[in-house]
Amino acid sequence: MLTPKDVQFFRDNGYLVIRGALGPEEVRELRDASQALIDAAPGPGAVKDFQYGKVRSGETVLRRIEYIQSKGDPFLRLLANPTLLDAVQQIIGERFVPTFDSVVIKMPGAGVEVPWHRDGGGPTMFYDEPGTGRRFPAANFDIYLDEANETSGALYVIPGSNKDTVSRVGELAAQGDYAGVPGAVRVDMRPGDLLVHDVTLYHGSPETRNAPLRRVIYYEFRDLRFIDAVHRPDPAQNGAVHHKWPEAWTRRRLAVLQQALDRRREAGMDVPFDAHPEPALRVPREEAAASPTRVAHPGWDDGKARSADESPATQVAGNKNTKSAEADCESEGGGAATCHQST
Ligand SMILES: O=C(O)CCC(=O)C(=O)O
């Protein structure tokens with residue numbers, strides 16, 4: 001259970017570490033399930049959900065798997081983990097919706113760099129409710145399956161950078177390597193720990209060499225009020241609609257949450273509630289059970305899979321691409337998933 005001090009820390013610094021959020025058994029099954037996916041990975045360019053990148057030596061390695069909740073029951077059940085959903089409710093808001101799901105991998109031997117970035121492409125990824133002044137952030141909930149430290153490519157963050165209204169993210173790489181960037185903090189994590197990071201926080205992780213495997217599951221959530229304001233503004237008032245997430249899409253995402261609650265309970269695991277705490281966001285069990293667990297973002301499945309060379313996350317020359325990666329993200333139009341990911 002987060003305390004008000006925890007929530008305030010998150011608001012002030014843009015991140016929060018929750019140690020031991022998952023028990024050893026849940027960590028074990030997630031490690032097994034993710035290892036099976038890695039072992040069966042289809043190779044670069046074959047399936048868009050499996051993303052590869054290049055390391056400085058020129059080797060191409062797996063770096064990320066998208067829509068992970070559809071790729072095995074352990075990932076689906078994780079979505080209904082009580083510690084995770086408690087943090088989600090307190091940080092995101094009562095009308096929370098699961099919005100992105102992926103796993104980021106640093107392969108043993110050679111792990112791809114994730115250059116400094118903000119998820120979602122800019123400093124305005126929050127919603128301030130008129131009248132109440134309440135801020136609804138978008139945040140990622142990062143579940144660690146392996147040790148993350150200096151060797152295995154722990155995440156670096158710049159505490160408080162979530163408050164920057166003009167992005168400095170493009171300048172960071174020039175200021176030094178990750179540890180050398182003024183204000184940067186390395187966040188060491190252990191299996192089962194949870195890191196919550198505001199999508200507007202500057203963060204990134206270096207390439208690894210001869211290091212052990214490092215896997216982190218990223219589940220992002222946003223409050224429906226955020227989604228309504230940012231992803232489906234009224235075209236009559238607003239002109240062009242950026243990142244359109246139709247209502248049917250959020251309903252399918254909420255159906256995945258209901259399925260996760262049901263599957264977790266059926267597996268004899270603890271659940272925080274039987275259905276979404278906000279009645280308007282509940283999806284009946286039968287509808288949820290029949291709904292797909294892979295809910296891609298509009299545009300994702302129409303796009304051609306990027307090769308390792310095209311992917312902005314795979315730039316290797318001194319991490320200089322972060323600025324252009326943001327621009328790329330913004331130019332994706334309907335491709336919110338690409339926008340969100342590591343660049
Ligand atoms: O796990 C990492 O190193 C960072 C991943 C990340 O921030 C992202 O994919 O947006």
# chains A, B, ... in the order shown; residues from 1 in each chain; ligands from 1
call {"tool": "residues_around", "arguments": {"residues": "range 290-292 of chain A", "least_positions_apart": "2", "cutoff": "9 Å", "atoms": "only C-alpha atoms", "output": "PyMOL selection string"}}
result
chain A and resi 70+252+255-256+259+285-288+294-295
call {"tool": "write_last_selection", "arguments": {"atoms": "C-alpha atoms", "output": "PDB file, in the first residue's frame"}}
result
ATOM      1  CA  SER A  70      -1.271 -11.779 -25.150  1.00  0.00           C
ATOM      2  CA  ARG A 252     -11.020  -3.972 -25.337  1.00  0.00           C
ATOM      3  CA  ALA A 255     -11.726  -6.371 -21.165  1.00  0.00           C
ATOM      4  CA  VAL A 256      -8.128  -7.601 -20.887  1.00  0.00           C
ATOM      5  CA  GLN A 259      -9.801 -11.318 -18.035  1.00  0.00           C
ATOM      6  CA  ARG A 285     -16.989 -11.440 -17.617  1.00  0.00           C
ATOM      7  CA  GLU A 286     -18.436 -13.251 -20.633  1.00  0.00           C
ATOM      8  CA  GLU A 287     -17.611 -10.338 -22.949  1.00  0.00           C
ATOM      9  CA  ALA A 288     -14.107 -10.114 -21.452  1.00  0.00           C
ATOM     10  CA  ARG A 294      -3.683  -8.560 -27.922  1.00  0.00           C
ATOM     11  CA  VAL A 295      -5.072  -5.055 -28.257  1.00  0.00           C
TER      12      VAL A 295
END
call {"tool": "select_by_dssp", "arguments": {"residues": "range 20-240 of chain A", "states": "helix (DSSP H, G or I)", "output": "ChimeraX atom specification"}}
result
/A:24-39,68-70,73-78,82-91,119-121,161-163,169-175,178-180,224-230,235-238
call {"tool": "closest_atom_pairs", "arguments": {"of": "chain A", "to": "ligand 1", "cutoff": "9 Å", "atoms": "only C-alpha atoms and all ligand atoms", "output": "JSON lines"}}
result
{"residue": "A:Arg64", "atom": "CA", "partner": "ligand 1", "partner_atom_place_in_ligand_line": "9 (O)", "distance": 7.7}
{"residue": "A:Ser102", "atom": "CA", "partner": "ligand 1", "partner_atom_place_in_ligand_line": "9 (O)", "distance": 8.2}
{"residue": "A:Val103", "atom": "CA", "partner": "ligand 1", "partner_atom_place_in_ligand_line": "9 (O)", "distance": 8.0}
{"residue": "A:Val104", "atom": "CA", "partner": "ligand 1", "partner_atom_place_in_ligand_line": "1 (O)", "distance": 5.2}
{"residue": "A:Ile105", "atom": "CA", "partner": "ligand 1", "partner_atom_place_in_ligand_line": "1 (O)", "distance": 7.0}
{"residue": "A:Lys106", "atom": "CA", "partner": "ligand 1", "partner_atom_place_in_ligand_line": "3 (O)", "distance": 7.7}
{"residue": "A:Val112", "atom": "CA", "partner": "ligand 1", "partner_atom_place_in_ligand_line": "3 (O)", "distance": 8.4}
{"residue": "A:Glu113", "atom": "CA", "partner": "ligand 1", "partner_atom_place_in_ligand_line": "3 (O)", "distance": 7.1}
{"residue": "A:Val114", "atom": "CA", "partner": "ligand 1", "partner_atom_place_in_ligand_line": "3 (O)", "distance": 5.4}
{"residue": "A:Pro115", "atom": "CA", "partner": "ligand 1", "partner_atom_place_in_ligand_line": "4 (C)", "distance": 8.2}
{"residue": "A:Trp116", "atom": "CA", "partner": "ligand 1", "partner_atom_place_in_ligand_line": "7 (O)", "distance": 8.1}
{"residue": "A:His117", "atom": "CA", "partner": "ligand 1", "partner_atom_place_in_ligand_line": "7 (O)", "distance": 7.3}
{"residue": "A:Arg118", "atom": "CA", "partner": "ligand 1", "partner_atom_place_in_ligand_line": "10 (O)", "distance": 7.4}
{"residue": "A:Asp119", "atom": "CA", "partner": "ligand 1", "partner_atom_place_in_ligand_line": "10 (O)", "distance": 5.7}
{"residue": "A:Gly120", "atom": "CA", "partner": "ligand 1", "partner_atom_place_in_ligand_line": "10 (O)", "distance": 8.7}
{"residue": "A:Asn140", "atom": "CA", "partner": "ligand 1", "partner_atom_place_in_ligand_line": "10 (O)", "distance": 8.7}
{"residue": "A:Asp142", "atom": "CA", "partner": "ligand 1", "partner_atom_place_in_ligand_line": "1 (O)", "distance": 8.2}
{"residue": "A:Gly153", "atom": "CA", "partner": "ligand 1", "partner_atom_place_in_ligand_line": "3 (O)", "distance": 7.0}
{"residue": "A:Ala154", "atom": "CA", "partner": "ligand 1", "partner_atom_place_in_ligand_line": "3 (O)", "distance": 6.7}
{"residue": "A:Leu155", "atom": "CA", "partner": "ligand 1", "partner_atom_place_in_ligand_line": "3 (O)", "distance": 5.3}
{"residue": "A:Tyr156", "atom": "CA", "partner": "ligand 1", "partner_atom_place_in_ligand_line": "3 (O)", "distance": 8.3}
{"residue": "A:Val199", "atom": "CA", "partner": "ligand 1", "partner_atom_place_in_ligand_line": "10 (O)", "distance": 8.4}
{"residue": "A:Tyr202", "atom": "CA", "partner": "ligand 1", "partner_atom_place_in_ligand_line": "7 (O)", "distance": 8.9}
{"residue": "A:His203", "atom": "CA", "partner": "ligand 1", "partner_atom_place_in_ligand_line": "7 (O)", "distance": 6.2}
{"residue": "A:Gly204", "atom": "CA", "partner": "ligand 1", "partner_atom_place_in_ligand_line": "4 (C)", "distance": 5.4}
{"residue": "A:Ser205", "atom": "CA", "partner": "ligand 1", "partner_atom_place_in_ligand_line": "3 (O)", "distance": 4.5}
{"residue": "A:Pro206", "atom": "CA", "partner": "ligand 1", "partner_atom_place_in_ligand_line": "3 (O)", "distance": 7.5}
{"residue": "A:Glu207", "atom": "CA", "partner": "ligand 1", "partner_atom_place_in_ligand_line": "3 (O)", "distance": 8.9}
{"residue": "A:Arg214", "atom": "CA", "partner": "ligand 1", "partner_atom_place_in_ligand_line": "1 (O)", "distance": 8.3}
{"residue": "A:Arg215", "atom": "CA", "partner": "ligand 1", "partner_atom_place_in_ligand_line": "1 (O)", "distance": 7.4}
{"residue": "A:Val216", "atom": "CA", "partner": "ligand 1", "partner_atom_place_in_ligand_line": "1 (O)", "distance": 5.9}
{"residue": "A:Ile217", "atom": "CA", "partner": "ligand 1", "partner_atom_place_in_ligand_line": "1 (O)", "distance": 8.2}
{"residue": "A:Tyr218", "atom": "CA", "partner": "ligand 1", "partner_atom_place_in_ligand_line": "9 (O)", "distance": 7.7}
{"residue": "A:Ala313", "atom": "CA", "partner": "ligand 1", "partner_atom_place_in_ligand_line": "9 (O)", "distance": 8.6}
{"residue": "A:His340", "atom": "CA", "partner": "ligand 1", "partner_atom_place_in_ligand_line": "10 (O)", "distance": 6.3}
{"residue": "A:Gln341", "atom": "CA", "partner": "ligand 1", "partner_atom_place_in_ligand_line": "10 (O)", "distance": 4.3}
{"residue": "A:Ser342", "atom": "CA", "partner": "ligand 1", "partner_atom_place_in_ligand_line": "10 (O)", "distance": 3.2}
{"residue": "A:Thr343", "atom": "CA", "partner": "ligand 1", "partner_atom_place_in_ligand_line": "10 (O)", "distance": 6.3}
call {"tool": "select_by_dssp", "arguments": {"residues": "range 191-230 of chain A", "states": "strand (DSSP E or B)", "output": "number ranges by chain"}}
result
A: 194-198, 203-205, 208-209, 214-223
call {"tool": "write_last_selection", "arguments": {"atoms": "C-alpha atoms", "output": "PDB file, in the first residue's frame"}}
result
ATOM      1  CA  LEU A 194       8.536  -2.441  -9.300  1.00  0.00           C
ATOM      2  CA  LEU A 195       9.678   0.914 -10.645  1.00  0.00           C
ATOM      3  CA  VAL A 196       6.973   3.433 -11.453  1.00  0.00           C
ATOM      4  CA  HIS A 197       8.081   6.131 -13.864  1.00  0.00           C
ATOM      5  CA  ASP A 198       6.173   9.087 -15.204  1.00  0.00           C
ATOM      6  CA  HIS A 203      15.333   7.941 -18.684  1.00  0.00           C
ATOM      7  CA  GLY A 204      17.557   5.546 -20.602  1.00  0.00           C
ATOM      8  CA  SER A 205      19.961   2.654 -20.236  1.00  0.00           C
ATOM      9  CA  THR A 208      25.674  -3.945 -22.164  1.00  0.00           C
ATOM     10  CA  ARG A 209      28.504  -6.298 -23.074  1.00  0.00           C
ATOM     11  CA  ARG A 214      18.054  -8.258 -17.994  1.00  0.00           C
ATOM     12  CA  ARG A 215      14.263  -8.297 -18.567  1.00  0.00           C
ATOM     13  CA  VAL A 216      11.755  -5.634 -17.535  1.00  0.00           C
ATOM     14  CA  ILE A 217       8.008  -5.796 -18.189  1.00  0.00           C
ATOM     15  CA  TYR A 218       6.450  -2.392 -18.930  1.00  0.00           C
ATOM     16  CA  TYR A 219       2.738  -1.928 -18.214  1.00  0.00           C
ATOM     17  CA  GLU A 220       1.514   1.595 -18.850  1.00  0.00           C
ATOM     18  CA  PHE A 221      -1.738   3.014 -17.488  1.00  0.00           C
ATOM     19  CA  ARG A 222      -3.693   6.243 -18.009  1.00  0.00           C
ATOM     20  CA  ASP A 223      -6.870   7.541 -16.438  1.00  0.00           C
TER      21      ASP A 223
END
call {"tool": "closest_residue", "arguments": {"among": "A:Arg251, A:Arg134, A:Arg168, A:Arg77", "to": "Arg265 in chain A", "atoms": "only C-alpha atoms"}}
result
A:Arg77
call {"tool": "closest_atom_pairs", "arguments": {"of": "range 81-107 of chain A", "to": "range 14-17 of chain A", "cutoff": "12 Å", "atoms": "only C-alpha atoms", "output": "tab-separated table"}}
result
residue	atom	partner	partner_atom	distance
A:Leu84	CA	A:Val17	CA	11.8
A:Ala87	CA	A:Leu16	CA	9.9
A:Val88	CA	A:Leu16	CA	11.9
A:Ile91	CA	A:Leu16	CA	10.2
call {"tool": "closest_residue", "arguments": {"among": "A:Val185, A:Leu76, A:Leu62, A:Leu30", "to": "Gly45 in chain A", "atoms": "only C-alpha atoms"}}
result
A:Leu62
call {"tool": "residues_around", "arguments": {"residues": "Arg264 in chain A", "least_positions_apart": "2", "cutoff": "10 Å", "atoms": "only C-alpha atoms", "output": "PyMOL selection string"}}
result
chain A and resi 73-74+76-81+258-262+266-271
call {"tool": "atom_distance", "arguments": {"atom1": "CA of Arg19 in chain A", "atom2": "CA of Thr124 in chain A"}}
result
28.9 Å
call {"tool": "closest_residue", "arguments": {"among": "A:Val27, A:Ala179, A:Met107, A:Ile92", "to": "Thr60 in chain A", "atoms": "only C-alpha atoms"}}
result
A:Met107
call {"tool": "decode", "arguments": {"residues": "range 52-72 of chain A", "atoms": "N, CA and C atoms", "output": "PDB file, in the first residue's frame"}}
result
ATOM      1  N   TYR A  52      14.109  -6.019 -32.804  1.00  0.00           N
ATOM      2  CA  TYR A  52      15.554  -6.259 -32.693  1.00  0.00           C
ATOM      3  C   TYR A  52      16.302  -4.947 -32.815  1.00  0.00           C
ATOM      4  N   GLY A  53      17.518  -4.933 -32.305  1.00  0.00           N
ATOM      5  CA  GLY A  53      18.346  -3.744 -32.435  1.00  0.00           C
ATOM      6  C   GLY A  53      19.794  -4.146 -32.610  1.00  0.00           C
ATOM      7  N   LYS A  54      20.592  -3.156 -33.013  1.00  0.00           N
ATOM      8  CA  LYS A  54      22.017  -3.432 -33.230  1.00  0.00           C
ATOM      9  C   LYS A  54      22.840  -2.893 -32.073  1.00  0.00           C
ATOM     10  N   VAL A  55      23.876  -3.623 -31.725  1.00  0.00           N
ATOM     11  CA  VAL A  55      24.837  -3.109 -30.753  1.00  0.00           C
ATOM     12  C   VAL A  55      26.081  -2.632 -31.505  1.00  0.00           C
ATOM     13  N   ARG A  56      26.971  -1.964 -30.788  1.00  0.00           N
ATOM     14  CA  ARG A  56      28.121  -1.332 -31.465  1.00  0.00           C
ATOM     15  C   ARG A  56      28.951  -2.313 -32.283  1.00  0.00           C
ATOM     16  N   SER A  57      29.018  -3.567 -31.827  1.00  0.00           N
ATOM     17  CA  SER A  57      29.824  -4.553 -32.553  1.00  0.00           C
ATOM     18  C   SER A  57      29.183  -4.915 -33.890  1.00  0.00           C
ATOM     19  N   GLY A  58      27.950  -4.470 -34.097  1.00  0.00           N
ATOM     20  CA  GLY A  58      27.258  -4.761 -35.355  1.00  0.00           C
ATOM     21  C   GLY A  58      26.276  -5.911 -35.237  1.00  0.00           C
ATOM     22  N   GLU A  59      26.323  -6.605 -34.112  1.00  0.00           N
ATOM     23  CA  GLU A  59      25.420  -7.745 -33.913  1.00  0.00           C
ATOM     24  C   GLU A  59      23.971  -7.262 -33.761  1.00  0.00           C
ATOM     25  N   THR A  60      23.038  -8.015 -34.299  1.00  0.00           N
ATOM     26  CA  THR A  60      21.609  -7.701 -34.157  1.00  0.00           C
ATOM     27  C   THR A  60      21.015  -8.643 -33.114  1.00  0.00           C
ATOM     28  N   VAL A  61      20.391  -8.062 -32.089  1.00  0.00           N
ATOM     29  CA  VAL A  61      19.855  -8.889 -30.997  1.00  0.00           C
ATOM     30  C   VAL A  61      18.431  -8.458 -30.635  1.00  0.00           C
ATOM     31  N   LEU A  62      17.709  -9.377 -30.049  1.00  0.00           N
ATOM     32  CA  LEU A  62      16.339  -9.085 -29.586  1.00  0.00           C
ATOM     33  C   LEU A  62      16.409  -8.006 -28.507  1.00  0.00           C
ATOM     34  N   ARG A  63      15.491  -7.020 -28.606  1.00  0.00           N
ATOM     35  CA  ARG A  63      15.523  -5.961 -27.601  1.00  0.00           C
ATOM     36  C   ARG A  63      14.167  -5.728 -26.930  1.00  0.00           C
ATOM     37  N   ARG A  64      13.069  -6.220 -27.572  1.00  0.00           N
ATOM     38  CA  ARG A  64      11.751  -5.847 -27.055  1.00  0.00           C
ATOM     39  C   ARG A  64      10.671  -6.757 -27.638  1.00  0.00           C
ATOM     40  N   ILE A  65       9.671  -7.094 -26.832  1.00  0.00           N
ATOM     41  CA  ILE A  65       8.506  -7.829 -27.343  1.00  0.00           C
ATOM     42  C   ILE A  65       7.262  -7.017 -26.970  1.00  0.00           C
ATOM     43  N   GLU A  66       6.477  -6.682 -27.985  1.00  0.00           N
ATOM     44  CA  GLU A  66       5.262  -5.884 -27.770  1.00  0.00           C
ATOM     45  C   GLU A  66       4.060  -6.779 -27.458  1.00  0.00           C
ATOM     46  N   TYR A  67       3.061  -6.182 -26.844  1.00  0.00           N
ATOM     47  CA  TYR A  67       1.784  -6.847 -26.551  1.00  0.00           C
ATOM     48  C   TYR A  67       1.999  -8.153 -25.792  1.00  0.00           C
ATOM     49  N   ILE A  68       2.738  -8.033 -24.738  1.00  0.00           N
ATOM     50  CA  ILE A  68       3.177  -9.188 -23.978  1.00  0.00           C
ATOM     51  C   ILE A  68       2.011  -9.859 -23.223  1.00  0.00           C
ATOM     52  N   GLN A  69       0.966  -9.071 -22.929  1.00  0.00           N
ATOM     53  CA  GLN A  69      -0.165  -9.667 -22.189  1.00  0.00           C
ATOM     54  C   GLN A  69      -0.861 -10.758 -23.002  1.00  0.00           C
ATOM     55  N   SER A  70      -0.634 -10.760 -24.302  1.00  0.00           N
ATOM     56  CA  SER A  70      -1.271 -11.779 -25.150  1.00  0.00           C
ATOM     57  C   SER A  70      -0.367 -12.984 -25.354  1.00  0.00           C
ATOM     58  N   LYS A  71       0.806 -12.956 -24.737  1.00  0.00           N
ATOM     59  CA  LYS A  71       1.798 -13.983 -25.059  1.00  0.00           C
ATOM     60  C   LYS A  71       2.064 -14.938 -23.903  1.00  0.00           C
ATOM     61  N   GLY A  72       1.018 -15.196 -23.129  1.00  0.00           N
ATOM     62  CA  GLY A  72       1.165 -16.179 -22.052  1.00  0.00           C
ATOM     63  C   GLY A  72       0.381 -15.767 -20.818  1.00  0.00           C
TER      64      GLY A  72
END
